[in-house]
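The structure appears right after this line, and notes come after that.
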Amino acid sequence: MNSNPGQATADELSDLAQVFAQIGASIATPAFVYEDAFIRSRCEHLKQIAEKAGCRLLYSVKALTLPWVLELIAPHVQGFSASSLFEAITARNVLPAEGTVHLTTPGLRPDEVNKISEYCDYISFNSISQWLRHKDELSDHMEIGLRVNPEVSFLDDPRYDPCRAYSKLGASTHAVKEALGQNSAASHGVSGILIHNNCNAPDLREVMLTVQKLESELGHVLDNSKWINLGGGYLFDQDSTNLDAFYEAVDSLKSRHGLEVFIEPGSAFVRDAGFLVSTVLDLIEDGDKTIAILDTSVNHLPESFEYEWRPDVLLDIEGGRFPYIIAGSTCLAGDVFGEYAFAEPLETGSKVVMYGVGAYNLVKAHTFNGLLLPSIYSLGVNGEVTLVKGFTLEEQSQRWGFEASARFGN
Ligand SMILES: Cc1ncc(COP(=O)(O)O)c(C=O)c1O
């Protein structure tokens with residue numbers, strides 16, 4: 001999940017503003033634009049960290065599931081992690097034969113277990129009951145793990161926190177011990193564990209604290225397992241601190257417990273590669289404030305609404321001479337992004353560009369009020385934009401089962 005992005009430098013922001021000033025006119029808005037070179041550089045960076053740590057790197061495809069993005073990332077990772085049959089099939093179709101597909105979900109559907117076994121190499125059951133119900137239905141090639149809730153919380157907002165009270169995500173260490181009894185995990189067919197307990201966290205000491213908790217509570221299980229997946233939740237970017245603690249944690253899992261270690265970040269690959277580009281449709285004067293209505297909506301950036309964060313906008317400056325309330329174009333009164341201020345006034349037709357929105361937005365976007373989903377563009381190294389996918393009224397109506405061709409003028 002997303003939350004407000006870390007700070008890009010002032011120079012980087014000014015370069016980006018220039019790029020979008022040049023290409024803005026050639027983008028049909030609203031549009032998500034993803035910067036290929038940025039994703040590539042994140043891949044290189046994350047690969048270096050994984051290699052230094054001696055762990056295997058997966059991309060959690062739920063963050064952004066575009067085919068060309070998956071193809072861009074695939075050569076840099078050992079596999080993909082998925083949260084549904086759809087994501088697993090998508091992952092399998094993009095990965096080379098040696099790439100592995102890993103799945104965990106609280107909502108494993110009985111009618112999909114066979115297919116999941118066909119497309120995945122690893123499954124981490126989310127609960128003891130899910131494991132007991134389905135463990136004998138999987139094919140022999142599958143590595144079976146349990147998602148463990150380490151019960152170490154680092155997040156203030158329980159809506160983000162996989163370790164919140166009564167969390168549905170993962171079995172408690174107590175439940176795992178009880179289920180496995182005195183026997184080794186391997187004797188139950190369990191070869192590994194998955195944990196995931198953070199979100200956009202800068203401090204890698206939190207990995208270490210989580211691993212230490214697991215070592216003290218599930219040391220026996222770790223000793224008898226083959227692998228551990230540390231999940232995602234860390235950005236490994238310029239704001240990250242205590243990277244050494246991450247290396248130490250991985251080293252401890254490998255050297256003390258003989259484990260193969262995976263990490264499966266999502267946001268770290270794509271968050272800061274994504275922009276939502278929109279156009280001002282109307283400016284409404286209301287007393288001392290001006291409301292700018294964009295041709296997008298919070299439904300194109302659902303996490304900003306769900307989690308009440310204010311997306312960053314290029315050229316927004318503190319104390320800027322021209323302040324605006326920036327709002328979306330649906331009938332929902334709360335379809336408002338926030339208050340922003342610029343050095344130059346907005347006009348109808350001006351472009352407004354939100355940045356740091358590459359993860360968990362397109363994949364969650366919806367079409368309330370019949371607004372089409374934003375178009376999708378890739379941004380190349382020379383500032384050229386390529387339309388990858390545009391959405392049409394016809395597609396939208398067919399989605400709901402209308403026979404659209406006549407009505408939309410085809
Ligand atoms: C099990 C699991 N792994 C990995 C991720 C990716 O997390 P992030 O995008 O924060 O790195 C998530 C995100 O929800 C997750 O639930």
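The chains in the structure tokens are called A, B, ... from first to last as shown; in each chain the residues are counted from 1, and the ligands are counted from 1 in the order shown.
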
With ligand 1 as the partner and 6 Å as the cut-off, tabulate the residues of chain A that qualify, each row holding the nearest pair of atoms and their distance in Å to one decimal, using only C-alpha atoms and all ligand atoms, sorted by chain and rising number, as CSV.
```
residue,atom,partner,partner_atom_place_in_ligand_line,distance
A:Met1,CA,ligand 1,10 (O),5.4
A:Ser60,CA,ligand 1,6 (C),5.4
A:Ala63,CA,ligand 1,9 (O),5.8
A:His196,CA,ligand 1,1 (C),5.3
A:Cys199,CA,ligand 1,10 (O),4.6
A:Asn200,CA,ligand 1,10 (O),5.4
A:Gly231,CA,ligand 1,3 (N),4.2
A:Gly232,CA,ligand 1,11 (O),3.6
A:Gly233,CA,ligand 1,10 (O),3.4
A:Tyr234,CA,ligand 1,11 (O),5.5
A:Glu264,CA,ligand 1,4 (C),5.1
A:Pro265,CA,ligand 1,11 (O),3.5
A:Gly266,CA,ligand 1,9 (O),3.4
A:Ser267,CA,ligand 1,9 (O),3.9
A:Ala268,CA,ligand 1,11 (O),5.9
```

(message) Env of Gly370 of chain A: 9 Å cut, atoms = only C-alpha atoms, seq-sep filter 2 positions within chain, self excluded. Answer as a PyMOL selection string.
(response) chain A and resi 367-368+372+393+396

Write the residues you've just listed into a file as a PDB file, in the first residue's frame, and include C-alpha atoms for each of them.
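Listed below is the output, result-v1.pdb:
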```pdb
ATOM      1  CA  THR A 367     -14.786   4.311 -12.842  1.00  0.00           C
ATOM      2  CA  PHE A 368     -17.376   5.936 -10.557  1.00  0.00           C
ATOM      3  CA  LEU A 372     -13.005   6.277 -17.886  1.00  0.00           C
ATOM      4  CA  LEU A 393     -16.589   4.311 -23.823  1.00  0.00           C
ATOM      5  CA  GLN A 396     -16.509   0.585 -20.447  1.00  0.00           C
TER       6      GLN A 396
END
```

(message) Which residue is closest to Ala91 of chain A? Choose from A:Ile73, A:Leu253, A:Ala171, A:Leu108 and count only C-alpha atoms.
(response)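 Of all the options, A:Ile73 lies closest to Ala91 of chain A.
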
(message) Under the rule that only C-alpha atoms are counted, which of A:Phe32, A:Phe322, A:Phe262, A:Tyr340 is the nearest residue to Arg310 of chain A?
(response)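 Counting only C-alpha atoms, the residue closest to Arg310 of chain A is A:Tyr340.
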
(message) What does the structure give for the distance between atom CA of Ala74 of chain A and atom CA of Val385 of chain A, in Å to one decimal?
(response)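 Calculated distance between atom CA of Ala74 of chain A and atom CA of Val385 of chain A is 22.2 Å.
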
(request) Using only C-alpha atoms, pick whichever of A:Val19, A:Leu58, A:Leu276, A:Val190 has the shortest atom-to-atom distance to Trp227 of chain A. (result) A:Val190

(request) Tell me which protein, DNA and RNA residues are within 12 Å of segment 125-142 of chain A, counting only C-alpha atoms, leaving out same-chain ones fewer than 3 positions away, and put them as an MDAnalysis selection string. (result) chainID A and resid 83 100:122 145:149 162 167:180 188:196

(message) Considering only strand (DSSP E) as DSSP defines it on the backbone, what residues of segment 159-334 of chain A qualify? List them as an MDAnalysis selection string.
(response) chainID A and resid 171:172 192:194 227:229 260:263 274:286 289:294 312:313 322:327

(request) Would you mind listing what lies within 7 Å of Ala273 of chain A as JSON, numbers by chain, with only C-alpha atoms counted and same-chain residues fewer than 3 positions away left out? (result) {"A": [34, 35, 38, 39, 270, 356, 358]}

(message) Which residues are close to Thr330 of chain A, i.e. within 7 Å by only C-alpha atoms, leaving aside same-chain residues fewer than 4 positions away? Reply as a list in words.
(response) Ser297, Asp335 and Asn369 of chain A

Those same residues, written as a CSV table (one decimal), in the first residue's frame with N, CA and C atoms?
```csv
chain,number,residue,atom,x,y,z
A,297,SER,N,-10.0,12.0,-10.7
A,297,SER,CA,-10.8,12.0,-9.5
A,297,SER,C,-10.0,11.2,-8.4
A,335,ASP,N,-14.5,14.4,-3.0
A,335,ASP,CA,-13.5,14.1,-4.1
A,335,ASP,C,-12.6,15.3,-4.3
A,369,ASN,N,-19.1,7.4,-11.5
A,369,ASN,CA,-19.7,8.4,-12.4
A,369,ASN,C,-19.4,8.2,-13.9
```

(message) Between atom CA of Asn361 of chain A and atom CA of Val298 of chain A, what distance in Å does the model show, to one decimal?
(response)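 Atom-to-atom, atom CA of Asn361 of chain A to atom CA of Val298 of chain A, that is 9.8 Å.
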
Which residues of segment 135-247 of chain A come within 10 Å of segment 254-259 of chain A, and for each one, what is the closest pair of atoms and their distance in Å to one decimal, counting only C-alpha atoms, sorted by chain and residue number, as a tab-separated table?
```
residue	atom	partner	partner_atom	distance
A:Ser191	CA	A:Leu259	CA	10.0
A:Gly192	CA	A:Leu259	CA	8.6
A:Glu215	CA	A:His257	CA	9.1
A:Gly219	CA	A:His257	CA	8.1
A:His220	CA	A:His257	CA	9.1
A:Val221	CA	A:His257	CA	9.4
A:Leu222	CA	A:His257	CA	6.1
A:Asp223	CA	A:His257	CA	4.8
A:Asn224	CA	A:His257	CA	7.9
A:Ser225	CA	A:Leu259	CA	6.9
A:Lys226	CA	A:Leu259	CA	5.2
A:Trp227	CA	A:Leu259	CA	4.7
A:Ile228	CA	A:Leu259	CA	6.5
A:Asn229	CA	A:Leu259	CA	9.7
```

(request) Please indicate the distance in Å from atom CA of Glu339 of chain A to atom CA of Asp161 of chain A, rounded to one decimal place. (result)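 Result for atom CA of Glu339 of chain A versus atom CA of Asp161 of chain A: 27.7 Å, one decimal.
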
(request) Please provide the set of residues having any atom within 12 Å of Tyr377 of chain A, restricted to only C-alpha atoms, with same-chain residues fewer than 5 positions apart removed, written as a ChimeraX atom specification. (result) /A:23-24,26-36,66,68-69,273-277,358,362,383-391

Kindly save the residues from that selection, with C-alpha atoms included, as a CSV table (one decimal), in the first residue's frame.
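Writing done, so here's part.csv:
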```csv
chain,number,residue,atom,x,y,z
A,23,ILE,CA,5.2,16.6,-23.1
A,24,GLY,CA,2.0,17.7,-21.4
A,26,SER,CA,0.8,15.3,-26.2
A,27,ILE,CA,-0.8,13.4,-23.3
A,28,ALA,CA,-4.5,12.6,-23.4
A,29,THR,CA,-5.6,13.2,-19.8
A,30,PRO,CA,-6.3,11.8,-17.3
A,31,ALA,CA,-3.3,9.6,-17.7
A,32,PHE,CA,-0.9,7.5,-15.7
A,33,VAL,CA,2.7,8.0,-17.0
A,34,TYR,CA,5.4,5.6,-15.9
A,35,GLU,CA,9.1,6.3,-16.4
A,36,ASP,CA,10.8,3.2,-17.8
A,66,LEU,CA,1.1,-3.8,-16.3
A,68,TRP,CA,5.3,-4.1,-20.1
A,69,VAL,CA,6.4,-3.2,-16.5
A,273,ALA,CA,8.2,6.0,-11.4
A,274,GLY,CA,4.5,6.9,-11.7
A,275,PHE,CA,2.7,10.2,-12.4
A,276,LEU,CA,-1.0,11.1,-12.7
A,277,VAL,CA,-1.4,13.8,-15.3
A,358,GLY,CA,3.2,4.6,-9.3
A,362,LEU,CA,-3.8,2.2,-11.2
A,383,GLY,CA,11.3,12.5,-22.7
A,384,GLU,CA,9.2,10.8,-25.4
A,385,VAL,CA,5.8,9.5,-24.3
A,386,THR,CA,4.1,6.4,-25.8
A,387,LEU,CA,0.5,5.6,-25.4
A,388,VAL,CA,0.3,2.0,-24.1
A,389,LYS,CA,-3.4,1.8,-23.4
A,390,GLY,CA,-6.3,4.1,-23.8
A,391,PHE,CA,-9.8,3.3,-22.5
```

(message) Can you pull out the residues contacting Leu70 of chain A? Cut-off 10 Å, using only C-alpha atoms, and skip same-chain residues under 2 positions away; I want them as a ChimeraX atom specification.
(response) /A:59,61,64-68,72-75,80,90-91,93-95
